[in-house]
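coords13.cif follows (mmCIF, C-alpha atoms and all ligand atoms):
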```
data_coords
#
loop_
_atom_site.label_atom_id
_atom_site.label_comp_id
_atom_site.auth_asym_id
_atom_site.auth_seq_id
_atom_site.Cartn_x
_atom_site.Cartn_y
_atom_site.Cartn_z
CA MET A 29 0.00 0.00 0.00
CA ASN A 30 1.41 3.41 -1.01
CA ALA A 31 0.60 5.90 1.76
CA ALA A 32 2.25 8.95 0.09
CA PRO A 33 -0.10 11.63 -1.30
CA SER A 34 -1.27 10.60 -4.78
CA GLY A 35 0.73 12.33 -7.51
CA SER A 36 3.63 13.33 -5.20
CA ALA A 37 7.27 12.45 -5.89
CA GLU A 38 7.18 10.04 -2.91
CA TYR A 39 4.07 8.39 -4.35
CA PHE A 40 5.88 7.82 -7.66
CA ASP A 41 8.99 6.55 -5.82
CA GLY A 42 6.82 3.83 -4.27
CA TRP A 43 5.10 3.16 -7.60
CA TYR A 44 8.43 2.64 -9.37
CA ALA A 45 9.93 0.59 -6.53
CA ASN A 46 6.92 -1.78 -6.67
CA MET A 47 7.46 -2.30 -10.40
CA VAL A 48 10.82 -3.96 -9.86
CA GLY A 49 10.22 -7.70 -10.15
CA SER A 50 6.56 -7.24 -11.11
CA THR A 51 6.02 -8.32 -14.69
CA ARG A 52 2.28 -8.03 -15.38
CA ARG A 53 2.28 -4.34 -16.35
CA ASP A 54 5.26 -4.81 -18.65
CA GLU A 55 3.73 -7.93 -20.25
CA LEU A 56 0.55 -6.00 -21.10
CA LYS A 57 2.55 -3.10 -22.52
CA GLN A 58 4.53 -5.48 -24.69
CA ARG A 59 1.44 -7.27 -25.93
CA TYR A 60 -0.96 -4.36 -26.52
CA LEU A 61 1.41 -1.46 -27.22
CA GLY A 62 3.82 -3.61 -29.24
CA LEU A 63 6.79 -2.58 -27.08
CA PRO A 64 9.98 -4.67 -26.92
CA ALA A 65 10.93 -6.08 -23.49
CA HIS A 66 13.89 -3.71 -23.06
CA LEU A 67 11.76 -0.57 -23.43
CA LEU A 68 10.62 0.37 -19.93
CA SER A 69 7.38 2.32 -20.31
CA THR A 70 5.06 3.60 -17.63
CA SER A 71 2.67 5.22 -20.04
CA LEU A 72 0.56 4.36 -23.05
CA LEU A 73 2.58 5.39 -26.09
CA PRO A 74 2.57 2.45 -28.51
CA TRP A 75 5.60 1.34 -30.50
CA GLU A 76 4.20 2.92 -33.68
CA GLY A 77 3.81 6.20 -31.79
CA ILE A 78 7.57 6.42 -31.27
CA ALA A 79 8.02 6.91 -35.01
CA ASP A 80 5.44 9.73 -34.83
CA VAL A 81 7.46 11.37 -32.05
CA VAL A 82 10.77 10.99 -33.91
CA GLY A 83 9.23 12.36 -37.13
CA ALA A 84 7.69 15.35 -35.36
CA LEU A 85 10.88 16.29 -33.50
CA ARG A 86 13.05 16.41 -36.68
CA LEU A 87 16.18 15.52 -34.69
CA SER A 88 19.66 15.66 -36.10
CA PRO A 89 22.63 13.55 -34.92
CA GLY A 90 24.32 15.01 -31.84
CA CYS A 91 21.43 17.30 -30.89
CA ARG A 92 20.44 17.52 -27.23
CA LEU A 93 17.04 15.99 -26.45
CA LEU A 94 15.17 16.43 -23.17
CA ASP A 95 12.74 13.70 -22.06
CA LEU A 96 10.76 15.55 -19.39
CA ALA A 97 9.05 13.37 -16.74
CA CYS A 98 11.03 10.52 -18.27
CA GLY A 99 10.02 7.80 -15.80
CA ARG A 100 12.20 4.72 -16.32
CA GLY A 101 13.63 6.34 -19.45
CA GLY A 102 12.47 3.83 -22.08
CA TYR A 103 10.98 6.19 -24.65
CA GLY A 104 13.67 8.85 -24.42
CA LEU A 105 16.39 6.24 -24.85
CA GLU A 106 14.62 4.75 -27.88
CA VAL A 107 14.07 8.14 -29.55
CA ALA A 108 17.65 9.21 -28.84
CA ARG A 109 19.00 5.91 -30.17
CA ARG A 110 17.04 6.22 -33.43
CA ALA A 111 18.15 9.81 -34.00
CA GLN A 112 21.65 9.57 -32.48
CA ALA A 113 20.70 12.40 -30.15
CA ARG A 114 22.28 13.12 -26.74
CA LEU A 115 19.62 12.53 -24.11
CA VAL A 116 18.89 14.24 -20.82
CA GLY A 117 16.01 12.77 -18.84
CA VAL A 118 14.37 14.60 -15.94
CA ASP A 119 11.82 13.26 -13.47
CA PHE A 120 10.89 14.23 -9.90
CA SER A 121 10.95 10.59 -8.73
CA ARG A 122 14.47 9.68 -7.55
CA GLU A 123 13.57 6.00 -7.94
CA ALA A 124 12.52 6.53 -11.59
CA VAL A 125 15.76 8.40 -12.27
CA ARG A 126 17.76 5.58 -10.65
CA GLN A 127 16.03 2.94 -12.80
CA ALA A 128 16.43 5.07 -15.94
CA ALA A 129 20.16 5.47 -15.29
CA ASP A 130 20.41 1.66 -14.96
CA ALA A 131 18.55 1.18 -18.26
CA ALA A 132 20.90 3.66 -19.94
CA ARG A 133 23.90 1.42 -19.27
CA ALA A 134 23.05 -0.44 -22.49
CA PRO A 135 25.49 0.78 -25.14
CA GLY A 136 24.58 3.02 -28.03
CA VAL A 137 23.14 6.17 -26.43
CA GLU A 138 24.75 9.09 -24.65
CA ALA A 139 22.35 9.77 -21.79
CA GLU A 140 22.13 11.33 -18.34
CA PHE A 141 19.21 11.42 -15.92
CA ARG A 142 18.47 14.03 -13.27
CA VAL A 143 15.92 14.79 -10.60
CA GLY A 144 13.77 17.83 -11.45
CA GLU A 145 10.22 19.07 -11.79
CA LEU A 146 7.99 19.61 -14.80
CA SER A 147 7.88 23.29 -13.86
CA ALA A 148 11.51 23.53 -12.65
CA THR A 149 13.83 21.20 -14.53
CA GLY A 150 17.05 22.75 -13.23
CA LEU A 151 18.37 23.01 -16.82
CA PRO A 152 19.80 26.29 -18.19
CA ASP A 153 17.84 28.55 -20.57
CA ALA A 154 17.74 27.38 -24.23
CA SER A 155 19.89 24.36 -23.37
CA VAL A 156 18.03 21.67 -25.36
CA ASP A 157 17.33 21.38 -29.09
CA ALA A 158 14.22 19.23 -28.74
CA LEU A 159 11.88 18.14 -25.99
CA MET A 160 9.46 15.26 -25.45
CA CYS A 161 7.01 14.94 -22.57
CA ILE A 162 5.11 11.67 -22.76
CA ASP A 163 1.82 11.18 -20.87
CA SER A 164 2.94 13.29 -17.92
CA ILE A 165 1.94 16.94 -18.29
CA GLN A 166 -1.45 16.19 -16.72
CA PHE A 167 0.33 15.89 -13.37
CA GLU A 168 1.19 19.61 -13.44
CA ALA A 169 -0.54 21.26 -16.40
CA THR A 170 0.18 24.77 -15.14
CA GLU A 171 1.38 27.98 -16.78
CA ALA A 172 4.67 27.44 -14.95
CA THR A 173 5.16 24.09 -16.71
CA TYR A 174 4.40 25.46 -20.18
CA ARG A 175 6.77 28.38 -19.47
CA GLU A 176 9.48 25.91 -18.41
CA LEU A 177 9.17 23.98 -21.69
CA ARG A 178 9.61 27.22 -23.57
CA ARG A 179 12.50 28.42 -21.35
CA VAL A 180 14.72 25.36 -21.82
CA LEU A 181 14.08 24.90 -25.55
CA ALA A 182 16.46 26.66 -27.96
CA ALA A 183 15.00 28.91 -30.68
CA GLY A 184 13.56 26.84 -33.51
CA GLY A 185 13.56 23.69 -31.34
CA ARG A 186 10.59 21.33 -31.57
CA SER A 187 8.62 19.78 -28.76
CA VAL A 188 6.16 16.89 -28.56
CA ILE A 189 3.71 16.57 -25.69
CA THR A 190 1.27 13.66 -25.33
CA SER A 191 -1.57 13.48 -22.85
CA TRP A 192 -5.36 13.25 -22.57
CA GLU A 193 -8.01 15.98 -22.41
CA ALA A 194 -11.59 16.01 -21.20
CA LEU A 195 -14.13 16.20 -24.03
CA ASP A 196 -16.14 18.45 -21.72
CA ARG A 197 -14.04 20.35 -19.17
CA SER A 198 -17.11 21.00 -17.02
CA ASP A 199 -17.77 17.25 -16.64
CA GLU A 200 -16.85 16.59 -13.03
CA SER A 201 -16.83 12.83 -13.55
CA VAL A 202 -13.52 13.32 -15.41
CA PRO A 203 -10.52 13.49 -13.03
CA GLU A 204 -9.66 17.11 -12.29
CA ARG A 205 -6.08 16.75 -13.47
CA LEU A 206 -7.33 15.83 -16.97
CA ARG A 207 -9.93 18.60 -17.00
CA LEU A 208 -7.06 21.05 -16.47
CA VAL A 209 -5.17 19.89 -19.57
CA ASP A 210 -5.61 22.23 -22.56
CA LEU A 211 -2.48 21.77 -24.63
CA ARG A 212 -3.35 24.31 -27.30
CA ALA A 213 -4.15 27.08 -24.84
CA GLY A 214 -1.17 26.27 -22.59
CA LEU A 215 1.37 26.06 -25.41
CA GLU A 216 0.08 29.12 -27.27
CA GLY A 217 -0.04 31.01 -23.97
CA ALA A 218 3.65 30.23 -23.43
CA GLY A 219 4.43 31.70 -26.86
CA PHE A 220 5.10 28.55 -28.88
CA LEU A 221 4.59 28.73 -32.65
CA ASP A 222 2.89 26.35 -35.09
CA VAL A 223 0.89 24.63 -32.36
CA GLU A 224 -0.63 21.48 -33.84
CA VAL A 225 -2.79 19.17 -31.70
CA ARG A 226 -3.54 15.76 -33.23
CA GLU A 227 -5.81 12.95 -32.03
CA PRO A 228 -4.09 9.64 -32.83
CA LYS A 229 -6.96 7.16 -33.15
CA ALA A 230 -4.76 4.06 -33.42
CA TRP A 231 -3.05 4.85 -30.10
CA ARG A 232 -6.45 5.08 -28.46
CA ALA A 233 -7.55 1.70 -29.78
CA ALA A 234 -4.39 0.03 -28.41
CA GLU A 235 -5.00 1.70 -25.08
CA ARG A 236 -8.56 0.41 -24.83
CA ASN A 237 -7.44 -3.14 -25.58
CA LEU A 238 -4.75 -2.93 -22.91
CA TRP A 239 -7.22 -1.74 -20.24
CA LEU A 240 -9.78 -4.38 -21.25
CA ALA A 241 -7.13 -7.07 -20.69
CA ALA A 242 -6.03 -5.51 -17.38
CA ALA A 243 -9.63 -5.47 -16.15
CA GLU A 244 -9.68 -9.27 -16.61
CA LEU A 245 -6.69 -9.82 -14.28
CA ASP A 246 -7.30 -11.46 -10.94
CA PRO A 247 -6.72 -8.82 -8.22
CA ALA A 248 -5.95 -11.65 -5.76
CA GLU A 249 -2.64 -12.24 -7.61
CA GLY A 250 -0.99 -9.53 -5.52
CA PRO A 251 -0.91 -5.78 -4.76
CA ASP A 252 0.68 -4.75 -8.07
CA VAL A 253 -1.91 -6.68 -10.09
CA ARG A 254 -4.73 -5.34 -7.93
CA SER A 255 -3.52 -1.77 -8.51
CA LEU A 256 -3.36 -2.37 -12.28
CA HIS A 257 -6.76 -4.05 -12.31
CA ASP A 258 -8.38 -1.21 -10.32
CA GLU A 259 -6.78 1.41 -12.57
CA ALA A 260 -8.23 -0.43 -15.59
CA ILE A 261 -11.75 -0.45 -14.14
CA ARG A 262 -11.56 3.29 -13.32
CA THR A 263 -10.06 4.17 -16.71
CA LEU A 264 -12.58 2.16 -18.76
CA GLU A 265 -15.43 3.73 -16.84
CA GLY A 266 -14.44 7.21 -18.05
CA PHE A 267 -12.80 6.14 -21.32
CA ASP A 268 -15.26 7.82 -23.68
CA ARG A 269 -15.19 11.10 -21.81
CA ILE A 270 -11.58 11.88 -22.68
CA ARG A 271 -9.57 12.16 -25.87
CA ARG A 272 -5.94 11.28 -26.65
CA VAL A 273 -3.86 14.28 -27.66
CA PHE A 274 -0.46 14.65 -29.30
CA ALA A 275 0.83 18.22 -29.61
CA VAL A 276 3.75 19.39 -31.72
CA VAL A 277 5.15 22.91 -31.38
CA THR A 278 8.15 25.03 -32.33
CA ALA A 279 9.98 27.46 -30.05
CA PRO A 280 10.21 31.01 -31.45
C1 LIG B 1 2.71 8.12 -16.49
S1 LIG B 1 4.40 8.31 -16.05
C2 LIG B 1 5.18 8.52 -17.65
C3 LIG B 1 6.66 8.31 -17.59
C4 LIG B 1 7.38 8.32 -18.94
N1 LIG B 1 7.25 9.58 -19.63
C5 LIG B 1 6.86 7.22 -19.85
O1 LIG B 1 6.19 7.57 -20.83
O2 LIG B 1 7.12 6.03 -19.60
C6 LIG B 1 4.37 9.97 -15.41
C7 LIG B 1 5.73 10.44 -14.91
O3 LIG B 1 5.62 11.82 -14.53
C8 LIG B 1 6.44 12.02 -13.40
N2 LIG B 1 5.96 13.25 -12.77
C9 LIG B 1 4.70 13.49 -12.28
N3 LIG B 1 4.62 14.74 -11.80
C10 LIG B 1 5.84 15.31 -12.00
C11 LIG B 1 6.37 16.61 -11.71
N4 LIG B 1 5.62 17.54 -11.14
N5 LIG B 1 7.65 16.87 -12.05
C12 LIG B 1 8.42 15.89 -12.64
N6 LIG B 1 7.98 14.64 -12.92
C13 LIG B 1 6.69 14.36 -12.61
C14 LIG B 1 6.28 10.76 -12.58
O4 LIG B 1 7.31 10.54 -11.66
C15 LIG B 1 6.23 9.71 -13.69
O5 LIG B 1 7.54 9.23 -13.95
#
```
Could you show the structure in this file as structure tokens?
Amino acid sequence: MNAAPSGSAEYFDGWYANMVGSTRRDELKQRYLGLPAHLLSTSLLPWEGIADVVGALRLSPGCRLLDLACGRGGYGLEVARRAQARLVGVDFSREAVRQAADAARAPGVEAEFRVGELSATGLPDASVDALMCIDSIQFEATEATYRELRRVLAAGGRSVITSWEALDRSDESVPERLRLVDLRAGLEGAGFLDVEVREPKAWRAAERNLWLAAAELDPAEGPDVRSLHDEAIRTLEGFDRIRRVFAVVTAP
């Protein structure tokens, strides 16, 4: 049982620590999102979505890529490997950063991982050429976070942000953190250019199938399976009240 306040860094530390040695979540990700076993995901970006991210970022070899709220680092490492970029991953969970640094020991990518916040990464101004933030901005979708994305990104740099938004922001049955996500308004408000918000339908279909399978798990298998099962029931209940969003922007 994780007694830390939901959504806090301590909560995520416990979440990540419980994942070590627990295979169910990873098995479902591999099966329904098409991810290879080495790619440690704690979100819902499918394998085919990684190509969308790489294409949108227009990376060049040697450029510096920030994976913000990187979790265990899997997506950032994969994107950096494909584009031969130098990766910096930031997350406020020390345990996530520790696991990401372990994963980065595999050869082929220059990567470092640091503890930092969505709204306060600790990186210098204009210090990255590209930025990805996968399924995480909903934890702090504030003006301060959008400003931070803009602050660290060099002029002309591209950023990809994936998340979910409420179809109706006044619908109180949708979790508040999702009702607060408005990528277009947040990114335009921070001064980004060419703000494009897509709705990737194929990603959403993979997600539904994953949650349907998780809802069939036996919660009696153990605490990690129960947590996954309960998350699936909650998510499916509100599934049609939210939409998947994928934003691409350029820094002025
Ligand atoms: C759903 S996971 C996604 C992780 C990773 N991007 C991925 O796709 O596998 C959300 C991540 O956001 C991080 N996070 C949540 N709130 C944060 C904050 N305020 N500052 C930095 N990281 C945060 C969590 O620690 C967690 O690693």
request  = Choose the residue, out of A:Val156, A:Ala108, A:Leu195, A:Leu73, that has the smallest atom-to-atom separation from Ala230 (chain A); count all atoms listed in the file.
outcome  =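 Nearest to Ala230 (chain A): A:Leu73.
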message = For a quick check of your reading of the model, name the residues lying within 7 Å of the coordinate (14.4, 16.8, -9.0), counting all atoms listed in the file, and write them as a list in words.
response =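 Selection result: Asp119, Phe120, Arg142, Val143, Gly144 and Glu145 of chain A.
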task = Compile the contact shell of Glu193 (chain A) as number ranges by chain: residues with an atom at most 8 Å away, counting all atoms listed in the file, same-chain residues fewer than 6 positions apart removed.
result = A: 206-210, 270-273
Taking all atoms listed in the file into account, list the residues no farther than 7 Å from ligand LIG 1 (chain B), as a PDB file with C-alpha atoms, keeping the file's coordinate frame.
```
ATOM      1  CA  GLY A  35       0.730  12.330  -7.510  1.00  0.00           C
ATOM      2  CA  SER A  36       3.630  13.330  -5.200  1.00  0.00           C
ATOM      3  CA  ALA A  37       7.270  12.450  -5.890  1.00  0.00           C
ATOM      4  CA  PHE A  40       5.880   7.820  -7.660  1.00  0.00           C
ATOM      5  CA  LEU A  68      10.620   0.370 -19.930  1.00  0.00           C
ATOM      6  CA  SER A  69       7.380   2.320 -20.310  1.00  0.00           C
ATOM      7  CA  THR A  70       5.060   3.600 -17.630  1.00  0.00           C
ATOM      8  CA  SER A  71       2.670   5.220 -20.040  1.00  0.00           C
ATOM      9  CA  LEU A  72       0.560   4.360 -23.050  1.00  0.00           C
ATOM     10  CA  LEU A  73       2.580   5.390 -26.090  1.00  0.00           C
ATOM     11  CA  LEU A  96      10.760  15.550 -19.390  1.00  0.00           C
ATOM     12  CA  ALA A  97       9.050  13.370 -16.740  1.00  0.00           C
ATOM     13  CA  CYS A  98      11.030  10.520 -18.270  1.00  0.00           C
ATOM     14  CA  GLY A  99      10.020   7.800 -15.800  1.00  0.00           C
ATOM     15  CA  ARG A 100      12.200   4.720 -16.320  1.00  0.00           C
ATOM     16  CA  GLY A 101      13.630   6.340 -19.450  1.00  0.00           C
ATOM     17  CA  GLY A 102      12.470   3.830 -22.080  1.00  0.00           C
ATOM     18  CA  TYR A 103      10.980   6.190 -24.650  1.00  0.00           C
ATOM     19  CA  VAL A 118      14.370  14.600 -15.940  1.00  0.00           C
ATOM     20  CA  ASP A 119      11.820  13.260 -13.470  1.00  0.00           C
ATOM     21  CA  PHE A 120      10.890  14.230  -9.900  1.00  0.00           C
ATOM     22  CA  SER A 121      10.950  10.590  -8.730  1.00  0.00           C
ATOM     23  CA  ALA A 124      12.520   6.530 -11.590  1.00  0.00           C
ATOM     24  CA  GLY A 144      13.770  17.830 -11.450  1.00  0.00           C
ATOM     25  CA  GLU A 145      10.220  19.070 -11.790  1.00  0.00           C
ATOM     26  CA  LEU A 146       7.990  19.610 -14.800  1.00  0.00           C
ATOM     27  CA  SER A 147       7.880  23.290 -13.860  1.00  0.00           C
ATOM     28  CA  CYS A 161       7.010  14.940 -22.570  1.00  0.00           C
ATOM     29  CA  ILE A 162       5.110  11.670 -22.760  1.00  0.00           C
ATOM     30  CA  ASP A 163       1.820  11.180 -20.870  1.00  0.00           C
ATOM     31  CA  SER A 164       2.940  13.290 -17.920  1.00  0.00           C
ATOM     32  CA  PHE A 167       0.330  15.890 -13.370  1.00  0.00           C
ATOM     33  CA  GLU A 168       1.190  19.610 -13.440  1.00  0.00           C
TER      34      GLU A 168
END
```
Top pick for closest residue to Gly62 (chain A), considering A:Val107, A:Pro89, A:Gly184, A:Leu238 and counting only C-alpha atoms =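 Nearest candidate to Gly62 (chain A) out of A:Val107, A:Pro89, A:Gly184, A:Leu238: A:Leu238.
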query = Quick one, how far is CA of Glu204 (chain A) from CA of Val225 (chain A)?
reply =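 If I compute the distance from CA of Glu204 (chain A) to CA of Val225 (chain A), I get 20.7 Å.
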CA of Leu94 (chain A) to CA of Leu181 (chain A), straight-line distance in Å =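 Taking CA of Leu181 (chain A) and CA of Leu94 (chain A), their separation equals 8.9 Å.
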Starting from the incomplete input, reconstruct N, CA and C atoms of region 39-59 of chain A and write that as a compact mmCIF listing (two decimals), in the coordinates of the input.
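Once written, part.txt looks like this:
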```
# COMPACT_ATOMS: atom_id res chain seq x y z
N TYR A 39 5.04 9.36 -3.82
CA TYR A 39 4.07 8.39 -4.35
C TYR A 39 4.70 7.65 -5.55
N PHE A 40 5.28 8.44 -6.47
CA PHE A 40 5.88 7.82 -7.66
C PHE A 40 7.10 6.98 -7.29
N ASP A 41 7.86 7.39 -6.26
CA ASP A 41 8.99 6.55 -5.82
C ASP A 41 8.49 5.16 -5.45
N GLY A 42 7.39 5.12 -4.68
CA GLY A 42 6.82 3.83 -4.27
C GLY A 42 6.30 3.05 -5.47
N TRP A 43 5.67 3.77 -6.39
CA TRP A 43 5.10 3.16 -7.60
C TRP A 43 6.21 2.47 -8.40
N TYR A 44 7.33 3.20 -8.59
CA TYR A 44 8.43 2.64 -9.37
C TYR A 44 9.12 1.51 -8.62
N ALA A 45 9.27 1.65 -7.30
CA ALA A 45 9.93 0.59 -6.53
C ALA A 45 9.11 -0.70 -6.62
N ASN A 46 7.78 -0.58 -6.59
CA ASN A 46 6.92 -1.78 -6.67
C ASN A 46 6.98 -2.46 -8.03
N MET A 47 7.42 -1.71 -9.05
CA MET A 47 7.46 -2.30 -10.40
C MET A 47 8.62 -3.27 -10.57
N VAL A 48 9.65 -3.09 -9.71
CA VAL A 48 10.82 -3.96 -9.86
C VAL A 48 10.37 -5.39 -9.50
N GLY A 49 10.59 -6.31 -10.41
CA GLY A 49 10.22 -7.70 -10.15
C GLY A 49 8.75 -8.00 -10.41
N SER A 50 7.97 -6.98 -10.81
CA SER A 50 6.56 -7.24 -11.11
C SER A 50 6.40 -7.16 -12.63
N THR A 51 5.93 -8.25 -13.23
CA THR A 51 6.02 -8.32 -14.69
C THR A 51 4.71 -8.05 -15.43
N ARG A 52 3.58 -8.11 -14.71
CA ARG A 52 2.28 -8.03 -15.38
C ARG A 52 2.11 -6.77 -16.24
N ARG A 53 2.45 -5.61 -15.64
CA ARG A 53 2.28 -4.34 -16.35
C ARG A 53 3.12 -4.36 -17.63
N ASP A 54 4.38 -4.80 -17.49
CA ASP A 54 5.26 -4.81 -18.65
C ASP A 54 4.77 -5.80 -19.71
N GLU A 55 4.25 -6.95 -19.27
CA GLU A 55 3.73 -7.93 -20.25
C GLU A 55 2.59 -7.32 -21.07
N LEU A 56 1.69 -6.61 -20.39
CA LEU A 56 0.55 -6.00 -21.10
C LEU A 56 1.03 -4.93 -22.08
N LYS A 57 2.01 -4.14 -21.64
CA LYS A 57 2.55 -3.10 -22.52
C LYS A 57 3.15 -3.73 -23.78
N GLN A 58 3.89 -4.84 -23.55
CA GLN A 58 4.53 -5.48 -24.69
C GLN A 58 3.48 -6.01 -25.65
N ARG A 59 2.46 -6.62 -25.09
CA ARG A 59 1.44 -7.27 -25.93
C ARG A 59 0.56 -6.25 -26.66
```
